[in-house]
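One structure is given here, and the rest of the page talks about it.
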Amino acid sequence: MSETIVAGRETVLEVPERIAGIEVPRVLGRVEAAELGPTLIVVGGMHGNEPAGVKALQRILARLESDPVGLDRGRLVGLTGNRKALAAKRRYLVNDLNRYWLPGRVARLRASTGPLDGEDEELRDLNREIERQLFEARETVYLLDLHTTSGPELPFATHDDTLRNRPFAFAFPVPVVLGLEEELVGTLSSYVGTLGVVTAGFESGQHDAEAAVDRAEAAIWIALEASGVLLKDNHPEVEAARHRLARECKGLPRVVEVRHRHAITPDDSYRMKPGYENFQAVAAGEPIGRDGRGPVVSPFSGLILMPLYQKQGADGFFIVQRVARMWLEASAVVRRWRLERLLPLLPGVRRHPDLPDSFVVDRRYARWLAREFFHLLGYKRLGDASRVLIMSRRLHDRSQ
Ligand SMILES: [Zn+2]
């Protein structure tokens, strides 16, 4: 670790010797402005075969260390996700660390004092570091989670769709994918979102592509401005980053929502047909891959997202559809008006007997439209039994 003082700003930069070796540090670096302000935490490598975010963080931290202009307010903290998996160049060792953040498990691991294995230890250690940042923070804490994907990819952003997270996710001039967090249970972003952290995810391209590192770097510059750590319109790097991403995503939809996830297990032996890429149009009934039972077809027409071209992973592909911007504006209005008070008046909808801010929806009355309607009001699916849906309001939806 090296420590330098630059123009009254403290810069602590820790760069690992070999990211593919055994020693991958938890804290890649931390750069602090002279003036107090927001905290931006950026996490790279939640999946160990996705080193692009780590490399992008190293570049930016090195740049900020040598840059006398530095940050305007607050701090940037660069963290690694699954260190053991990064060292092994695998998505994960035993458990997917980005499907592992269930509140009960976090509480149990947090309380444990003895040695732990694999992802249990990674979660406890990463959680400890994030809690330290939350404890020290004087203003809002933002978290950007950097990922890459296995197919040839264009970038996109994700977020738990709360009014608080929206401006952060929409700061990136790339397609914003709604509803992914409802399909993926136990993500870091969803967990720290419940602690009041403003979150977004950014998928920057194919795992080992140099362009994925460049795009992740662009995303960090934009996040620095969106979080207020850099002042608006004050830094040419941010403007260049926006231009780069906007140019690459020209012609792509601004907002899409997940309509279908093709869940797989290793027993399925699922194989994607080659050549699919993000946001490629597919027709209903189009054969997209094969598994042990035969061809797998797209159940809807729409755009394909994250086609799986690697061995590890539980998501074969997603089908997304365009969302009109008007829908987002309408949803912001109905959430501010708290229209959910009227929900129990609808047929087939009743309050959940035990869970606060949750409703049980009878599918006989309310089919997929109910889910759309609940999304509009800021609810996400919590459970999915055959006859009922449980929809629960996301925390921190109105705090801005
Ligand atoms: Zn990932």
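So you can find residues: chains in the structure tokens are A, B, ... in the order shown, residues in each start at 1, and ligands are numbered from 1 in order.
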
Using only C-alpha atoms and all ligand atoms, which residues of chain A come within 7 Å of ligand 1, and what is the closest atom pair for each, with the distance in Å to one decimal? Give it as a Markdown table, sorted by chain and residue number.
```
| residue | atom | partner | partner_atom_place_in_ligand_line | distance |
| --- | --- | --- | --- | --- |
| A:Met46 | CA | ligand 1 | 1 (Zn) | 6.2 |
| A:His47 | CA | ligand 1 | 1 (Zn) | 4.9 |
| A:Glu50 | CA | ligand 1 | 1 (Zn) | 6.4 |
| A:His147 | CA | ligand 1 | 1 (Zn) | 4.3 |
| A:Thr148 | CA | ligand 1 | 1 (Zn) | 5.5 |
| A:Thr149 | CA | ligand 1 | 1 (Zn) | 6.5 |
```

Open item on the list: Considering only strand (DSSP E) as DSSP defines it on the backbone, what residues of region 7-204 of chain A qualify? List them as number ranges by chain.
Closed with: A: 9-13, 27-32, 39-44, 75-80, 141-149, 156-158, 176-178, 198-204

- [ ] Considering only C-alpha atoms, state which residue in the set A:Trp221, A:Tyr379, A:Tyr92, A:Trp327 is at the smallest distance from Gly179 (chain A).
- [x]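 Ranked by minimum distance to Gly179 (chain A), first place goes to A:Tyr379.
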
Task: Phe317 (chain A) surroundings by only C-alpha atoms, 7 Å radius, close-in-sequence under 3 positions cut, as a ChimeraX atom specification - done: /A:261-262,304-308

- [ ] Enumerate the residues of region 130-216 of chain A with a DSSP assignment of alpha helix (DSSP H), computed from the backbone, and present them as a list in words.
- [x] Ile130, Glu131, Arg132, Gln133, Leu134, Phe135, Glu136, Arg166, Pro167, Phe168, Ala169, Phe170, Leu180, Glu181, Glu182, Glu183, Leu188, Ser189, Ser190, Tyr191, Val192, Gly193, Glu210, Ala211, Ala212, Val213, Asp214, Arg215 and Ala216 of chain A

TODO: Name the closest residue to Asp145 (chain A) among the candidates A:Thr187, A:Asn127, A:Gln133, A:Ser112; distances are taken between atoms, counting only C-alpha atoms.
DONE: A:Thr187

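Counting only C-alpha atoms, region 348-364 of chain A has the following residues at most 6 Å away, ignoring those fewer than 4 positions along the same chain: Pro344, Arg387, Val388, Leu389, Ile390, Met391, Ser392 and Arg393 of chain A.
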